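Structure data follow from final08.pdb (PDB, C-alpha atoms):
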ATOM      1  CA  MET W   1      92.634  90.740  24.216
ATOM      2  CA  ASN W   2      91.319  93.057  21.491
ATOM      3  CA  ALA W   3      91.621  96.848  21.342
ATOM      4  CA  ALA W   4      88.033  97.443  22.501
ATOM      5  CA  THR W   5      88.540  95.318  25.600
ATOM      6  CA  ARG W   6      91.841  97.062  26.410
ATOM      7  CA  GLY W   7      90.175 100.463  25.967
ATOM      8  CA  ALA W   8      87.292  99.462  28.228
ATOM      9  CA  GLY W   9      89.783  98.211  30.818
ATOM     10  CA  ARG W  10      91.693 101.504  30.801
ATOM     11  CA  LEU W  11      88.441 103.465  31.187
ATOM     12  CA  ALA W  12      87.330 101.246  34.064
ATOM     13  CA  LEU W  13      90.719 101.664  35.762
ATOM     14  CA  ALA W  14      90.576 105.453  35.394
ATOM     15  CA  SER W  15      87.026 105.413  36.797
ATOM     16  CA  ALA W  16      88.083 103.354  39.805
ATOM     17  CA  ALA W  17      91.069 105.660  40.428
ATOM     18  CA  LEU W  18      88.891 108.785  40.393
ATOM     19  CA  LEU W  19      86.288 107.270  42.696
ATOM     20  CA  ALA W  20      88.965 105.990  45.064
ATOM     21  CA  ALA W  21      90.552 109.452  45.160
ATOM     22  CA  ALA W  22      87.181 111.101  45.859
ATOM     23  CA  LEU W  23      86.593 108.623  48.697
ATOM     24  CA  LEU W  24      90.057 108.393  50.223
ATOM     25  CA  LEU W  25      90.647 112.159  50.056
ATOM     26  CA  ARG W  26      87.258 112.942  51.579
ATOM     27  CA  ALA W  27      88.696 114.796  54.569
ATOM     28  CA  PRO W  28      90.761 117.373  52.634
ATOM     29  CA  LEU W  29      88.237 117.694  49.801
ATOM     30  CA  GLU W  30      85.262 118.171  52.135
ATOM     31  CA  SER W  31      87.111 120.571  54.443
ATOM     32  CA  SER W  32      86.461 123.356  51.899
ATOM     33  CA  MET W  33      83.096 124.155  50.320
ATOM     34  CA  ALA W  34      84.820 125.059  47.038
ATOM     35  CA  LEU W  35      86.784 121.797  46.878
ATOM     36  CA  HIS W  36      83.717 119.819  47.947
ATOM     37  CA  MET W  37      81.367 121.261  45.350
ATOM     38  CA  VAL W  38      83.658 122.210  42.469
ATOM     39  CA  LEU W  39      86.155 119.320  42.701
ATOM     40  CA  GLN W  40      84.857 116.276  44.597
ATOM     41  CA  LEU W  41      81.348 116.214  43.120
ATOM     42  CA  PRO W  42      82.639 116.427  39.506
ATOM     43  CA  MET W  43      85.265 113.757  40.299
ATOM     44  CA  ILE W  44      82.501 111.316  41.231
ATOM     45  CA  ALA W  45      80.448 112.201  38.140
ATOM     46  CA  VAL W  46      83.459 111.898  35.811
ATOM     47  CA  GLY W  47      84.286 108.550  37.413
ATOM     48  CA  GLY W  48      80.740 107.434  36.621
ATOM     49  CA  ALA W  49      81.062 108.722  33.041
ATOM     50  CA  LEU W  50      84.262 106.724  32.505
ATOM     51  CA  ALA W  51      82.548 103.624  33.898
ATOM     52  CA  GLY W  52      79.602 104.246  31.553
ATOM     53  CA  LEU W  53      81.913 104.513  28.552
ATOM     54  CA  ALA W  54      83.704 101.313  29.622
ATOM     55  CA  ALA W  55      80.378  99.478  29.924
ATOM     56  CA  GLU W  56      79.316 100.768  26.514
ATOM     57  CA  ARG W  57      82.440  99.251  24.943
ATOM     58  CA  HIS W  58      82.575  96.000  26.883
ATOM     59  CA  ALA W  59      78.962  95.201  27.928
ATOM     60  CA  ALA W  60      76.939  95.407  24.720
ATOM     61  CA  ARG W  61      73.781  94.006  26.332
ATOM     62  CA  LEU W  62      73.822  96.622  29.089
ATOM     63  CA  ALA W  63      74.493  99.399  26.571
ATOM     64  CA  GLY W  64      71.602  98.154  24.410
ATOM     65  CA  ALA W  65      69.243  98.033  27.386
ATOM     66  CA  LEU W  66      70.197 101.589  28.387
ATOM     67  CA  ALA W  67      69.736 102.803  24.807
ATOM     68  CA  ARG W  68      66.212 101.332  24.708
ATOM     69  CA  TRP W  69      65.307 102.725  28.129
ATOM     70  CA  ASP W  70      66.732 106.180  27.401
ATOM     71  CA  ALA W  71      66.042 106.336  23.661
ATOM     72  CA  HIS W  72      66.387 110.105  23.224
ATOM     73  CA  GLY W  73      68.596 110.861  26.210
ATOM     74  CA  LEU W  74      65.728 112.424  28.165
ATOM     75  CA  ALA W  75      66.048 110.284  31.298
ATOM     76  CA  GLY W  76      69.797 110.813  31.627
ATOM     77  CA  LEU W  77      69.548 114.545  31.017
ATOM     78  CA  ALA W  78      66.603 114.891  33.415
ATOM     79  CA  TRP W  79      68.720 113.135  36.056
ATOM     80  CA  LEU W  80      71.470 115.688  35.347
ATOM     81  CA  LEU W  81      69.117 118.501  36.383
ATOM     82  CA  LEU W  82      67.649 116.677  39.402
ATOM     83  CA  ALA W  83      70.916 115.421  40.902
ATOM     84  CA  SER W  84      72.862 118.626  40.287
ATOM     85  CA  ALA W  85      70.045 120.804  41.686
ATOM     86  CA  TYR W  86      69.926 118.718  44.868
ATOM     87  CA  TRP W  87      73.682 118.839  45.485
ATOM     88  CA  MET W  88      73.822 122.596  44.891
ATOM     89  CA  VAL W  89      71.621 123.051  47.978
ATOM     90  CA  PRO W  90      73.940 123.970  50.887
ATOM     91  CA  ARG W  91      71.867 121.968  53.399
ATOM     92  CA  ALA W  92      72.265 118.802  51.308
ATOM     93  CA  LEU W  93      76.017 119.385  51.098
ATOM     94  CA  GLU W  94      76.201 119.883  54.864
ATOM     95  CA  GLN W  95      74.212 116.710  55.586
ATOM     96  CA  SER W  96      76.697 114.664  53.575
ATOM     97  CA  LEU W  97      79.401 115.731  56.046
ATOM     98  CA  THR W  98      77.606 114.358  59.099
ATOM     99  CA  MET W  99      75.261 111.639  57.819
ATOM    100  CA  PRO W 100      76.818 108.495  56.303
ATOM    101  CA  LEU W 101      73.594 107.692  54.418
ATOM    102  CA  SER W 102      73.633 111.123  52.788
ATOM    103  CA  GLU W 103      77.311 110.689  51.861
ATOM    104  CA  ALA W 104      76.536 107.303  50.294
ATOM    105  CA  GLY W 105      73.608 108.873  48.435
ATOM    106  CA  LYS W 106      75.925 111.589  47.113
ATOM    107  CA  PHE W 107      78.350 109.058  45.687
ATOM    108  CA  ALA W 108      75.569 106.855  44.271
ATOM    109  CA  SER W 109      73.523 109.655  42.691
ATOM    110  CA  LEU W 110      76.514 111.387  41.083
ATOM    111  CA  PHE W 111      78.051 108.126  39.887
ATOM    112  CA  LEU W 112      74.707 107.253  38.265
ATOM    113  CA  LEU W 113      74.575 110.726  36.714
ATOM    114  CA  GLY W 114      78.001 110.259  35.164
ATOM    115  CA  PHE W 115      77.215 106.699  34.076
ATOM    116  CA  LEU W 116      74.091 107.799  32.179
ATOM    117  CA  LEU W 117      75.330 111.102  30.763
ATOM    118  CA  PRO W 118      77.641 110.068  27.855
ATOM    119  CA  GLY W 119      75.001 107.797  26.343
ATOM    120  CA  ALA W 120      72.248 110.348  26.921
ATOM    121  CA  LEU W 121      74.238 113.062  25.147
ATOM    122  CA  ALA W 122      75.050 110.709  22.258
ATOM    123  CA  ARG W 123      71.360 109.855  21.767
ATOM    124  CA  ALA W 124      69.891 113.329  22.332
ATOM    125  CA  ALA W 125      69.279 115.728  19.468
ATOM    126  CA  VAL W 126      71.127 119.043  19.573
ATOM    127  CA  VAL W 127      67.990 120.961  20.572
ATOM    128  CA  ILE W 128      67.366 118.586  23.504
ATOM    129  CA  GLN W 129      70.973 118.940  24.633
ATOM    130  CA  LEU W 130      70.685 122.714  24.386
ATOM    131  CA  PHE W 131      67.522 122.738  26.517
ATOM    132  CA  PHE W 132      68.901 120.579  29.335
ATOM    133  CA  LEU W 133      72.489 121.834  29.358
ATOM    134  CA  GLY W 134      71.276 125.420  29.026
ATOM    135  CA  ASN W 135      69.105 124.941  32.117
ATOM    136  CA  PHE W 136      71.947 123.216  33.957
ATOM    137  CA  CYS W 137      74.457 125.988  33.200
ATOM    138  CA  ALA W 138      71.947 128.731  34.039
ATOM    139  CA  MET W 139      71.076 127.044  37.350
ATOM    140  CA  MET W 140      74.754 126.681  38.224
ATOM    141  CA  ALA W 141      75.540 130.304  37.343
ATOM    142  CA  ILE W 142      72.554 131.639  39.327
ATOM    143  CA  ALA W 143      73.497 129.512  42.355
ATOM    144  CA  GLY W 144      77.064 130.801  42.066
ATOM    145  CA  MET W 145      75.919 134.421  41.988
ATOM    146  CA  LEU W 146      73.654 133.856  45.000
ATOM    147  CA  TYR W 147      76.536 132.284  46.916
ATOM    148  CA  GLN W 148      78.614 135.401  46.229
ATOM    149  CA  ASP W 149      75.882 137.931  47.049
ATOM    150  CA  MET W 150      74.578 136.412  50.301
ATOM    151  CA  ALA W 151      75.647 138.332  53.396
ATOM    152  CA  GLN W 152      75.199 135.287  55.648
ATOM    153  CA  ARG W 153      76.571 131.765  55.513
ATOM    154  CA  LEU W 154      74.332 129.277  53.727
ATOM    155  CA  CYS W 155      76.218 126.298  55.112
ATOM    156  CA  ASN W 156      77.199 126.191  58.789
ATOM    157  CA  ALA W 157      80.156 123.919  58.077
ATOM    158  CA  TYR W 158      81.895 126.449  55.819
ATOM    159  CA  SER W 159      82.990 130.080  56.131
ATOM    160  CA  LEU W 160      81.509 133.016  54.240
ATOM    161  CA  ASP W 161      84.765 133.514  52.319
ATOM    162  CA  ASP W 162      84.703 129.865  51.244
ATOM    163  CA  GLN W 163      81.110 130.345  50.105
ATOM    164  CA  VAL W 164      82.131 133.300  47.917
ATOM    165  CA  VAL W 165      84.989 131.303  46.351
ATOM    166  CA  THR W 166      82.538 128.456  45.662
ATOM    167  CA  GLY W 167      80.188 130.909  43.973
ATOM    168  CA  VAL W 168      82.969 132.128  41.695
ATOM    169  CA  GLY W 169      83.877 128.525  40.911
ATOM    170  CA  LEU W 170      80.296 127.665  39.973
ATOM    171  CA  VAL W 171      79.995 130.651  37.632
ATOM    172  CA  VAL W 172      83.334 129.843  35.969
ATOM    173  CA  ALA W 173      82.340 126.166  35.634
ATOM    174  CA  SER W 174      78.994 127.065  34.051
ATOM    175  CA  ILE W 175      80.718 129.279  31.460
ATOM    176  CA  GLY W 176      83.329 126.592  30.772
ATOM    177  CA  ILE W 177      80.718 123.853  30.274
ATOM    178  CA  ALA W 178      78.665 126.058  27.956
ATOM    179  CA  ALA W 179      81.754 126.978  25.907
ATOM    180  CA  ALA W 180      82.898 123.342  25.715
ATOM    181  CA  TRP W 181      79.454 122.244  24.482
ATOM    182  CA  CYS W 182      79.459 124.945  21.791
ATOM    183  CA  VAL W 183      82.904 123.857  20.563
ATOM    184  CA  TRP W 184      81.847 120.188  20.617
ATOM    185  CA  GLN W 185      78.643 120.844  18.665
ATOM    186  CA  LEU W 186      80.083 123.377  16.220
ATOM    187  CA  PRO W 187      80.860 120.816  13.462
ATOM    188  CA  ALA W 188      77.360 119.281  13.676
ATOM    189  CA  ILE W 189      75.687 122.703  13.577
ATOM    190  CA  ALA W 190      77.869 123.740  10.609
ATOM    191  CA  ASN W 191      76.913 120.521   8.751
ATOM    192  CA  GLN W 192      73.213 121.151   9.353
ATOM    193  CA  ALA W 193      73.588 124.717   8.075
ATOM    194  CA  ARG W 194      75.322 123.449   4.916
ATOM    195  CA  GLU W 195      72.614 120.850   4.319
ATOM    196  CA  ARG W 196      69.886 123.490   4.538
ATOM    197  CA  ALA W 197      71.731 125.918   2.231
TER
END
Entire entry expressed as structure tokens:
Amino acid sequence: MNAATRGAGRLALASAALLAAALLLRAPLESSMALHMVLQLPMIAVGGALAGLAAERHAARLAGALARWDAHGLAGLAWLLLASAYWMVPRALEQSLTMPLSEAGKFASLFLLGFLLPGALARAAVVIQLFFLGNFCAMMAIAGMLYQDMAQRLCNAYSLDDQVVTGVGLVVASIGIAAAWCVWQLPAIANQARERA
């Protein structure tokens, strides 16, 4: 077994562990709006991202097909905005608690988001990444501020205090994602600046 296969196996194992945790710990994770939105949903997406990275290393034909279908990362990044916008809606979150089909759709849509995202980011130009991730972070921060400012509960399954904590979590997450992207892209931006100089 070569190093690439071992690496893909470790990524697949980590993906399966995250997804199993998100599924098996549904009751405690979904008992709180903050844990549901700020922990469980990202766990599913990260599990999908690890599976996508494993497939990229081990399934060259699948990776090639995805690269042709999503040549500039637009489809994967558009799915980031669509899926995340839907699951930031309190009604959608509440339906996943009571409707098995909605819960299955949550896992499927967020796993697909994670699966597509690493390849989409790798293929997208910096300006495309900035457009989509900027919109994503702004949407998350605005939703977080609305959750904090609303005087009434937006989700009948969760308390108003839980809603406020979720809002804080969304704002913090949006700032963290934006900062992480800037740090990640800093070397590429510096290289472009040197090339132009």
* To do: Work out how far apart atom CA of Gly114 of chain W and atom CA of Tyr86 of chain W are and give it in Å to one decimal.
  =>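 Between these atoms lies a distance of 15.2 Å.
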* Who sits within 8 Å of Leu74 of chain W, all atoms listed in the file, same chain under 6 positions skipped, as JSON, numbers by chain -> {"W": [120, 124, 128]}
* Using all atoms listed in the file, which residue out of W:Ala34, W:Ala83, W:Arg196, W:Ala125 lies closest to Val168 of chain W? ->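 Smallest separation from Val168 of chain W among the options: W:Ala34.
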* Which of W:Cys155, W:Leu186, W:Ser32, W:Leu160 sits closest to Met88 of chain W [using all atoms listed in the file] -> W:Cys155
* **Answer key for the PyMOL selection byres ((chain W and resi 92-97) around 10), residues as a list in words** => Arg26, Ala27, Glu30, Ser31, Met33, His36, Met37, Tyr86, Trp87, Met88, Val89, Pro90, Arg91, Thr98, Met99, Pro100, Leu101, Ser102, Glu103, Ala104, Gly105, Lys106, Phe107, Leu154, Cys155, Asn156, Ala157 and Tyr158 of chain W
* Asked: Can you tell me how far atom CA of Ala180 of chain W sits from atom CA of Ala78 of chain W, in Å to one decimal?
  ->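 Between atom CA of Ala180 of chain W and atom CA of Ala78 of chain W the gap is 19.9 Å.
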* Quick one: residues within 10 Å of Leu66 of chain W, only C-alpha atoms counted, chain neighbours fewer than 3 positions away excluded, as a count of residues only? -> 13
* **Nearest to Ile142 of chain W, chosen from W:Ala179, W:Trp184, W:Phe115, W:Ala85, with all atoms listed in the file counted in the distances** =>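 Using all atoms listed in the file, the shortest distance to Ile142 of chain W belongs to W:Ala85.
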* Structure fact -> As a check of understanding: the span from atom CA of Ala16 of chain W to atom CA of Gly64 of chain W is 23.1 Å
* Structure fact -> Using all atoms listed in the file, the shortest atom-to-atom distance to Ala55 of chain W among W:Ile175, W:Leu133, W:Ala12, W:Cys182 belongs to W:Ala12
* To do: Report as JSON, numbers by chain the full result of the PyMOL selection byres ((chain W and resi 47) around 12) when it is applied to this structure.
  => {"W": [11, 12, 13, 14, 15, 16, 17, 18, 19, 20, 21, 22, 23, 40, 41, 42, 43, 44, 45, 46, 48, 49, 50, 51, 52, 53, 54, 107, 108, 110, 111, 112, 113, 114, 115, 116, 117, 118]}
* To do: Measuring atom to atom with all atoms listed in the file, identify which of W:Val165, W:Leu77, W:Val171, W:Leu29 is nearest to Phe132 of chain W.
  =>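 Counting all atoms listed in the file, the residue closest to Phe132 of chain W is W:Leu77.
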* Asked: Using all atoms listed in the file, which of the listed residues (W:Leu24, W:Ala67, W:Ala75, W:Leu170) sits closest to Cys137 of chain W?
  -> W:Leu170
* Asked: Within 6 Å of Tyr147 of chain W, counting all atoms listed in the file, which residues qualify if same-chain residues fewer than 6 places away don't, as a VMD selection string?
  -> chain W and resid 163 to 164 167
* Do you know which residues are at most 12 Å from Asn135 of chain W counting all atoms listed in the file, after dropping those on the same chain fewer than 3 positions away, and could you put them as a count of residues only? -> 20
